[in-house]
Amino acid sequence: MLGAGGDTFVPSGTPQNSTSTSSSARSVQWQLIDNVAGVENESQRGENLVYGHIHIAKTAGSTINRKFSLFFDNVCGNKGHSFDAIRVHDRHRRGGRGDVKSNHSAHSHFFHSQAQVRPSFLQKRMDEIGYEHCDWISHEISWQFWRKFSSWPAKVQIHLPCRDPVDHIVSHIMSVLNHQKKRFQCDRTWKRQIDSAMRSYSNRFSKQMLKIDNLDLKCVRFHHLIDGTYFKFMQSKLRERLVKRPITRLYYHTNIKRNEKAECVWNDKKLLQNMTAYMISKGDYYNFCSSCSAWLI
């Protein structure tokens with residue numbers, strides 16, 4: 001247990017340089033730790049909950065994770081971690097690049113290589129640190145990651161961002177095609193284009209998660225993520241940092257701006273209907289969101 005100066009607390013009568021602790025002293029230590037933890041949880045969260053955020057591509061996940069790590073303690077995400085978020089932010093601004101739009105470019109070497117994000121490395125390091133201190137956890141990884149919390153000492157409330165299927169898939173496809181200076185094709189290949197886009201994130205959510213013990217799944221509307229509603233809601237649940245950094249924007253665009261007027265799908269109502277029905281029938285994510293009754297806000 002840590003004292004005010006950061007030193008390990010040892011009950012009186014136990015030598016500071018002792019390599020062993022009597023069973024009675026050890027009992028006192030853990031009793032004190034349990035008592036303090038109980039008070040801390042009650043005063044900071046008001047309920048014994050840990051929050052999980054499923055980072056679905058193109059649902060503002062990078063922005064949300066980054067903002068939370070700058071404003072709240074005990075945020076654990078692969079796009080923003082409380083332990084070094086302030087220094088990452090400050091390094092980025094000192095380099096003349098303004099606010100961090102995504103931690104792809106500025107995160108600590110502890111998580112990233114110098115040139116690029118390495119997901120396998122991220123997972124290894126986050127697991128190495130552990131999640132015992134986390135109040136809000138975010139990850140863009142297979143849904144099976146959440147199995148580790150089936151026997152967690154606190155209930156884990158999972159937040160699933162839900163976005164309109166067509167808007168979501170077109171945004172995702174266009175973010176790729178824009179970089180290639182190409183456009184989505186409204187011809188007989190549209191299903192193939194959608195299937196290709198869905199494969200990149202389809203494993204992040206599965207209805208199998210409903211069978212995992214200790215998880216409570218809630219849906220979050222996409223517009224609540226980008227208009228500040230979700231942030232304000234979680235502000236009453238999470239502990240604010242003693243040292244923060246200003247959050248100057250509600251939402252950061254990390255991709256090339258789209259020209260929606262030039263996107264053929266919006267002018268074809270029949271195609272829109274067919275695309276929506278196809279996506280809901282093909283994927284657990286869209287199917288679940290379309291019939292969700294457990295909305296967070």
# chains A, B, ... in the order shown; residues from 1 in each chain; ligands from 1

call {"tool": "closest_atom_pairs", "arguments": {"of": "segment 138-203 of chain A", "to": "segment 53-75 of chain A", "cutoff": "6 Å", "atoms": "only C-alpha atoms", "output": "tab-separated table"}}
result
residue	atom	partner	partner_atom	distance
A:Ser138	CA	A:His53	CA	4.6
A:His139	CA	A:His55	CA	5.6
A:Glu140	CA	A:His55	CA	4.7
A:Ile158	CA	A:His53	CA	5.8
A:His159	CA	A:His53	CA	4.9
A:Leu160	CA	A:Ile54	CA	5.5

call {"tool": "write_last_selection", "arguments": {"atoms": "N, CA and C atoms", "output": "PDB file, in the first residue's frame"}}
result
ATOM      1  N   SER A 138     -11.077   0.799 -23.561  1.00  0.00           N
ATOM      2  CA  SER A 138     -11.439   0.863 -24.976  1.00  0.00           C
ATOM      3  C   SER A 138     -10.437   0.067 -25.791  1.00  0.00           C
ATOM      4  N   HIS A 139     -10.953  -0.702 -26.754  1.00  0.00           N
ATOM      5  CA  HIS A 139     -10.040  -1.466 -27.599  1.00  0.00           C
ATOM      6  C   HIS A 139     -10.688  -1.754 -28.947  1.00  0.00           C
ATOM      7  N   GLU A 140      -9.888  -1.730 -29.999  1.00  0.00           N
ATOM      8  CA  GLU A 140     -10.357  -2.114 -31.332  1.00  0.00           C
ATOM      9  C   GLU A 140      -9.731  -3.463 -31.659  1.00  0.00           C
ATOM     10  N   ILE A 158     -20.667  -2.666 -21.047  1.00  0.00           N
ATOM     11  CA  ILE A 158     -20.078  -2.499 -22.368  1.00  0.00           C
ATOM     12  C   ILE A 158     -20.885  -1.500 -23.194  1.00  0.00           C
ATOM     13  N   HIS A 159     -20.213  -0.526 -23.768  1.00  0.00           N
ATOM     14  CA  HIS A 159     -20.853   0.488 -24.600  1.00  0.00           C
ATOM     15  C   HIS A 159     -20.547   0.212 -26.068  1.00  0.00           C
ATOM     16  N   LEU A 160     -21.602  -0.029 -26.849  1.00  0.00           N
ATOM     17  CA  LEU A 160     -21.476  -0.340 -28.269  1.00  0.00           C
ATOM     18  C   LEU A 160     -21.987   0.839 -29.098  1.00  0.00           C
TER      19      LEU A 160
END

call {"tool": "residues_around", "arguments": {"residues": "Lys191 of chain A", "least_positions_apart": "3", "cutoff": "9 Å", "atoms": "only C-alpha atoms", "output": "PyMOL selection string"}}
result
chain A and resi 188+194-196+275+278

call {"tool": "residues_around", "arguments": {"residues": "segment 210-214 of chain A", "least_positions_apart": "4", "cutoff": "12 Å", "atoms": "only C-alpha atoms", "output": "list in words"}}
result
Leu49, Val50, Tyr51, Gly52, Trp143, Gln144, Phe145, Trp146, Arg147, Lys148, Phe149, Ser150, Ser151, Trp152, Pro153, Ala154, Lys155, Val156, Gln157, Ile158, Phe205, Ser206, Lys218, Asp284 and Phe288 of chain A

call {"tool": "atom_distance", "arguments": {"atom1": "atom CA of Asp84 of chain A", "atom2": "atom CA of Asp216 of chain A"}}
result
29.0 Å

call {"tool": "residues_around", "arguments": {"residues": "Thr276 of chain A", "least_positions_apart": "6", "cutoff": "12 Å", "atoms": "only C-alpha atoms", "output": "PDB file with C-alpha atoms, in the first residue's frame"}}
result
ATOM      1  CA  ARG A 163     -24.329   4.234 -36.466  1.00  0.00           C
ATOM      2  CA  ASP A 164     -26.709   4.201 -39.431  1.00  0.00           C
ATOM      3  CA  PRO A 165     -25.563   1.201 -41.529  1.00  0.00           C
ATOM      4  CA  VAL A 166     -25.283   2.896 -44.916  1.00  0.00           C
ATOM      5  CA  ASP A 167     -23.717   6.097 -43.580  1.00  0.00           C
ATOM      6  CA  HIS A 168     -21.290   3.990 -41.587  1.00  0.00           C
ATOM      7  CA  ILE A 169     -20.213   1.667 -44.357  1.00  0.00           C
ATOM      8  CA  VAL A 170     -19.951   4.435 -46.942  1.00  0.00           C
ATOM      9  CA  TRP A 190     -21.848  -3.032 -54.402  1.00  0.00           C
ATOM     10  CA  LYS A 191     -22.243  -6.169 -52.250  1.00  0.00           C
ATOM     11  CA  ILE A 194     -19.553  -3.785 -48.649  1.00  0.00           C
ATOM     12  CA  VAL A 265     -25.650   6.035 -53.054  1.00  0.00           C
ATOM     13  CA  LYS A 269     -33.375   5.281 -52.589  1.00  0.00           C
ATOM     14  CA  LYS A 270     -33.829   1.702 -53.755  1.00  0.00           C
ATOM     15  CA  LYS A 282     -25.116 -10.105 -42.856  1.00  0.00           C
ATOM     16  CA  GLY A 283     -23.532  -8.830 -39.661  1.00  0.00           C
ATOM     17  CA  TYR A 286     -25.800  -3.971 -37.609  1.00  0.00           C
ATOM     18  CA  ASN A 287     -28.403  -6.584 -36.724  1.00  0.00           C
ATOM     19  CA  SER A 290     -31.115  -2.222 -35.468  1.00  0.00           C
TER      20      SER A 290
END

call {"tool": "closest_residue", "arguments": {"among": "A:Gly77, A:Pro246, A:Pro161, A:Gly130", "to": "Leu225 of chain A", "atoms": "only C-alpha atoms"}}
result
A:Pro161

call {"tool": "atom_distance", "arguments": {"atom1": "atom CA of Leu272 of chain A", "atom2": "atom CA of Met174 of chain A"}}
result
15.8 Å

call {"tool": "select_by_dssp", "arguments": {"residues": "segment 112-244 of chain A", "states": "helix (DSSP H, G or I)", "output": "PyMOL selection string"}}
result
chain A and resi 119-129+143-149+165-179+190-199+202-204+207-211+222-226+229-235

call {"tool": "atom_distance", "arguments": {"atom1": "atom CA of Lys79 of chain A", "atom2": "atom CA of Gln208 of chain A"}}
result
25.2 Å

call {"tool": "decode", "arguments": {"residues": "segment 168-297 of chain A", "atoms": "C-alpha atoms", "output": "PDB file, in the first residue's frame"}}
result
ATOM      1  CA  HIS A 168     -21.290   3.990 -41.587  1.00  0.00           C
ATOM      2  CA  ILE A 169     -20.213   1.667 -44.357  1.00  0.00           C
ATOM      3  CA  VAL A 170     -19.951   4.435 -46.942  1.00  0.00           C
ATOM      4  CA  SER A 171     -17.865   6.501 -44.519  1.00  0.00           C
ATOM      5  CA  HIS A 172     -15.577   3.540 -43.971  1.00  0.00           C
ATOM      6  CA  ILE A 173     -15.278   2.662 -47.649  1.00  0.00           C
ATOM      7  CA  MET A 174     -14.792   6.291 -48.667  1.00  0.00           C
ATOM      8  CA  SER A 175     -12.025   6.795 -46.110  1.00  0.00           C
ATOM      9  CA  VAL A 176     -10.126   4.079 -47.939  1.00  0.00           C
ATOM     10  CA  LEU A 177     -11.120   5.056 -51.465  1.00  0.00           C
ATOM     11  CA  ASN A 178     -10.410   8.747 -50.877  1.00  0.00           C
ATOM     12  CA  HIS A 179      -6.784   7.924 -50.193  1.00  0.00           C
ATOM     13  CA  GLN A 180      -6.749   5.927 -53.422  1.00  0.00           C
ATOM     14  CA  LYS A 181      -8.600   8.739 -55.242  1.00  0.00           C
ATOM     15  CA  LYS A 182     -11.420   6.360 -56.106  1.00  0.00           C
ATOM     16  CA  ARG A 183     -15.189   6.319 -55.533  1.00  0.00           C
ATOM     17  CA  PHE A 184     -17.773   3.818 -54.379  1.00  0.00           C
ATOM     18  CA  GLN A 185     -19.404   2.180 -57.390  1.00  0.00           C
ATOM     19  CA  CYS A 186     -23.211   1.906 -57.420  1.00  0.00           C
ATOM     20  CA  ASP A 187     -23.258  -1.032 -59.783  1.00  0.00           C
ATOM     21  CA  ARG A 188     -23.726  -4.777 -59.362  1.00  0.00           C
ATOM     22  CA  THR A 189     -20.453  -4.953 -57.397  1.00  0.00           C
ATOM     23  CA  TRP A 190     -21.848  -3.032 -54.402  1.00  0.00           C
ATOM     24  CA  LYS A 191     -22.243  -6.169 -52.250  1.00  0.00           C
ATOM     25  CA  ARG A 192     -18.646  -7.133 -52.839  1.00  0.00           C
ATOM     26  CA  GLN A 193     -17.498  -3.634 -51.855  1.00  0.00           C
ATOM     27  CA  ILE A 194     -19.553  -3.785 -48.649  1.00  0.00           C
ATOM     28  CA  ASP A 195     -18.326  -7.277 -47.749  1.00  0.00           C
ATOM     29  CA  SER A 196     -14.749  -6.127 -48.136  1.00  0.00           C
ATOM     30  CA  ALA A 197     -15.285  -3.138 -45.841  1.00  0.00           C
ATOM     31  CA  MET A 198     -17.176  -5.106 -43.188  1.00  0.00           C
ATOM     32  CA  ARG A 199     -14.410  -7.708 -42.863  1.00  0.00           C
ATOM     33  CA  SER A 200     -12.039  -5.147 -41.366  1.00  0.00           C
ATOM     34  CA  TYR A 201     -14.107  -4.697 -38.188  1.00  0.00           C
ATOM     35  CA  SER A 202     -16.765  -7.432 -38.166  1.00  0.00           C
ATOM     36  CA  ASN A 203     -14.953  -9.359 -35.414  1.00  0.00           C
ATOM     37  CA  ARG A 204     -15.083  -6.507 -32.901  1.00  0.00           C
ATOM     38  CA  PHE A 205     -18.652  -7.347 -31.880  1.00  0.00           C
ATOM     39  CA  SER A 206     -20.556 -10.608 -31.772  1.00  0.00           C
ATOM     40  CA  LYS A 207     -23.883 -11.609 -30.289  1.00  0.00           C
ATOM     41  CA  GLN A 208     -21.852 -14.247 -28.464  1.00  0.00           C
ATOM     42  CA  MET A 209     -20.924 -11.428 -26.078  1.00  0.00           C
ATOM     43  CA  LEU A 210     -24.444 -11.669 -24.661  1.00  0.00           C
ATOM     44  CA  LYS A 211     -23.475 -15.075 -23.280  1.00  0.00           C
ATOM     45  CA  ILE A 212     -20.377 -13.830 -21.435  1.00  0.00           C
ATOM     46  CA  ASP A 213     -20.930 -13.640 -17.694  1.00  0.00           C
ATOM     47  CA  ASN A 214     -20.582 -10.291 -15.945  1.00  0.00           C
ATOM     48  CA  LEU A 215     -21.056  -8.152 -19.073  1.00  0.00           C
ATOM     49  CA  ASP A 216     -23.947  -5.696 -19.412  1.00  0.00           C
ATOM     50  CA  LEU A 217     -24.275  -4.514 -23.018  1.00  0.00           C
ATOM     51  CA  LYS A 218     -25.597  -1.020 -23.789  1.00  0.00           C
ATOM     52  CA  CYS A 219     -26.014   0.701 -27.155  1.00  0.00           C
ATOM     53  CA  VAL A 220     -24.851   4.282 -27.718  1.00  0.00           C
ATOM     54  CA  ARG A 221     -26.177   6.428 -30.564  1.00  0.00           C
ATOM     55  CA  PHE A 222     -23.453   7.734 -32.842  1.00  0.00           C
ATOM     56  CA  HIS A 223     -24.631  11.340 -32.684  1.00  0.00           C
ATOM     57  CA  HIS A 224     -24.297  11.234 -28.887  1.00  0.00           C
ATOM     58  CA  LEU A 225     -20.638  10.388 -29.340  1.00  0.00           C
ATOM     59  CA  ILE A 226     -19.882  13.388 -31.540  1.00  0.00           C
ATOM     60  CA  ASP A 227     -22.126  16.059 -29.983  1.00  0.00           C
ATOM     61  CA  GLY A 228     -20.700  15.721 -26.442  1.00  0.00           C
ATOM     62  CA  THR A 229     -23.692  13.927 -24.873  1.00  0.00           C
ATOM     63  CA  TYR A 230     -21.742  10.734 -24.151  1.00  0.00           C
ATOM     64  CA  PHE A 231     -18.834  12.698 -22.696  1.00  0.00           C
ATOM     65  CA  LYS A 232     -21.124  14.618 -20.340  1.00  0.00           C
ATOM     66  CA  PHE A 233     -22.863  11.405 -19.295  1.00  0.00           C
ATOM     67  CA  MET A 234     -19.563   9.706 -18.443  1.00  0.00           C
ATOM     68  CA  GLN A 235     -18.323  12.805 -16.663  1.00  0.00           C
ATOM     69  CA  SER A 236     -20.654  11.872 -13.799  1.00  0.00           C
ATOM     70  CA  LYS A 237     -19.269   8.326 -13.752  1.00  0.00           C
ATOM     71  CA  LEU A 238     -15.513   8.764 -14.047  1.00  0.00           C
ATOM     72  CA  ARG A 239     -12.950  10.598 -11.925  1.00  0.00           C
ATOM     73  CA  GLU A 240     -11.519  13.749 -13.478  1.00  0.00           C
ATOM     74  CA  ARG A 241      -7.759  14.128 -13.657  1.00  0.00           C
ATOM     75  CA  LEU A 242      -6.008  16.543 -11.334  1.00  0.00           C
ATOM     76  CA  VAL A 243      -3.984  17.779 -14.320  1.00  0.00           C
ATOM     77  CA  LYS A 244      -5.963  18.040 -17.559  1.00  0.00           C
ATOM     78  CA  ARG A 245      -5.482  19.457 -21.009  1.00  0.00           C
ATOM     79  CA  PRO A 246      -8.107  21.580 -22.786  1.00  0.00           C
ATOM     80  CA  ILE A 247     -10.369  19.778 -25.197  1.00  0.00           C
ATOM     81  CA  THR A 248     -10.770  22.311 -27.961  1.00  0.00           C
ATOM     82  CA  ARG A 249     -13.016  20.342 -30.311  1.00  0.00           C
ATOM     83  CA  LEU A 250     -15.886  17.912 -29.899  1.00  0.00           C
ATOM     84  CA  TYR A 251     -14.845  15.846 -32.902  1.00  0.00           C
ATOM     85  CA  TYR A 252     -11.726  15.465 -34.986  1.00  0.00           C
ATOM     86  CA  HIS A 253     -11.847  14.365 -38.612  1.00  0.00           C
ATOM     87  CA  THR A 254      -8.978  11.953 -39.131  1.00  0.00           C
ATOM     88  CA  ASN A 255      -9.731  11.272 -42.794  1.00  0.00           C
ATOM     89  CA  ILE A 256      -9.841  13.288 -45.986  1.00  0.00           C
ATOM     90  CA  LYS A 257     -13.078  15.284 -46.151  1.00  0.00           C
ATOM     91  CA  ARG A 258     -15.783  13.543 -48.154  1.00  0.00           C
ATOM     92  CA  ASN A 259     -17.765  15.115 -50.963  1.00  0.00           C
ATOM     93  CA  GLU A 260     -21.132  13.513 -50.192  1.00  0.00           C
ATOM     94  CA  LYS A 261     -22.821  15.171 -53.164  1.00  0.00           C
ATOM     95  CA  ALA A 262     -20.570  13.125 -55.418  1.00  0.00           C
ATOM     96  CA  GLU A 263     -21.418   9.826 -53.676  1.00  0.00           C
ATOM     97  CA  CYS A 264     -23.888   7.953 -55.850  1.00  0.00           C
ATOM     98  CA  VAL A 265     -25.650   6.035 -53.054  1.00  0.00           C
ATOM     99  CA  TRP A 266     -27.532   9.048 -51.699  1.00  0.00           C
ATOM    100  CA  ASN A 267     -29.389   9.584 -54.971  1.00  0.00           C
ATOM    101  CA  ASP A 268     -30.699   6.031 -55.231  1.00  0.00           C
ATOM    102  CA  LYS A 269     -33.375   5.281 -52.589  1.00  0.00           C
ATOM    103  CA  LYS A 270     -33.829   1.702 -53.755  1.00  0.00           C
ATOM    104  CA  LEU A 271     -30.123   1.028 -53.434  1.00  0.00           C
ATOM    105  CA  LEU A 272     -30.103   2.583 -49.963  1.00  0.00           C
ATOM    106  CA  GLN A 273     -32.896   0.249 -48.864  1.00  0.00           C
ATOM    107  CA  ASN A 274     -31.170  -2.778 -50.346  1.00  0.00           C
ATOM    108  CA  MET A 275     -27.832  -1.903 -48.767  1.00  0.00           C
ATOM    109  CA  THR A 276     -29.392  -1.389 -45.337  1.00  0.00           C
ATOM    110  CA  ALA A 277     -31.291  -4.689 -45.457  1.00  0.00           C
ATOM    111  CA  TYR A 278     -28.212  -6.528 -46.709  1.00  0.00           C
ATOM    112  CA  MET A 279     -25.952  -5.204 -43.935  1.00  0.00           C
ATOM    113  CA  ILE A 280     -28.469  -5.957 -41.174  1.00  0.00           C
ATOM    114  CA  SER A 281     -28.854  -9.511 -42.471  1.00  0.00           C
ATOM    115  CA  LYS A 282     -25.116 -10.105 -42.856  1.00  0.00           C
ATOM    116  CA  GLY A 283     -23.532  -8.830 -39.661  1.00  0.00           C
ATOM    117  CA  ASP A 284     -24.164  -9.198 -35.922  1.00  0.00           C
ATOM    118  CA  TYR A 285     -23.190  -5.574 -35.346  1.00  0.00           C
ATOM    119  CA  TYR A 286     -25.800  -3.971 -37.609  1.00  0.00           C
ATOM    120  CA  ASN A 287     -28.403  -6.584 -36.724  1.00  0.00           C
ATOM    121  CA  PHE A 288     -28.004  -6.006 -33.006  1.00  0.00           C
ATOM    122  CA  CYS A 289     -28.002  -2.196 -33.272  1.00  0.00           C
ATOM    123  CA  SER A 290     -31.115  -2.222 -35.468  1.00  0.00           C
ATOM    124  CA  SER A 291     -33.142  -4.001 -32.762  1.00  0.00           C
ATOM    125  CA  CYS A 292     -31.376  -2.732 -29.627  1.00  0.00           C
ATOM    126  CA  SER A 293     -33.642  -1.881 -26.699  1.00  0.00           C
ATOM    127  CA  ALA A 294     -30.911  -1.214 -24.118  1.00  0.00           C
ATOM    128  CA  TRP A 295     -29.806   2.321 -24.965  1.00  0.00           C
ATOM    129  CA  LEU A 296     -27.375   3.964 -22.576  1.00  0.00           C
ATOM    130  CA  ILE A 297     -28.757   7.474 -22.990  1.00  0.00           C
TER     131      ILE A 297
END
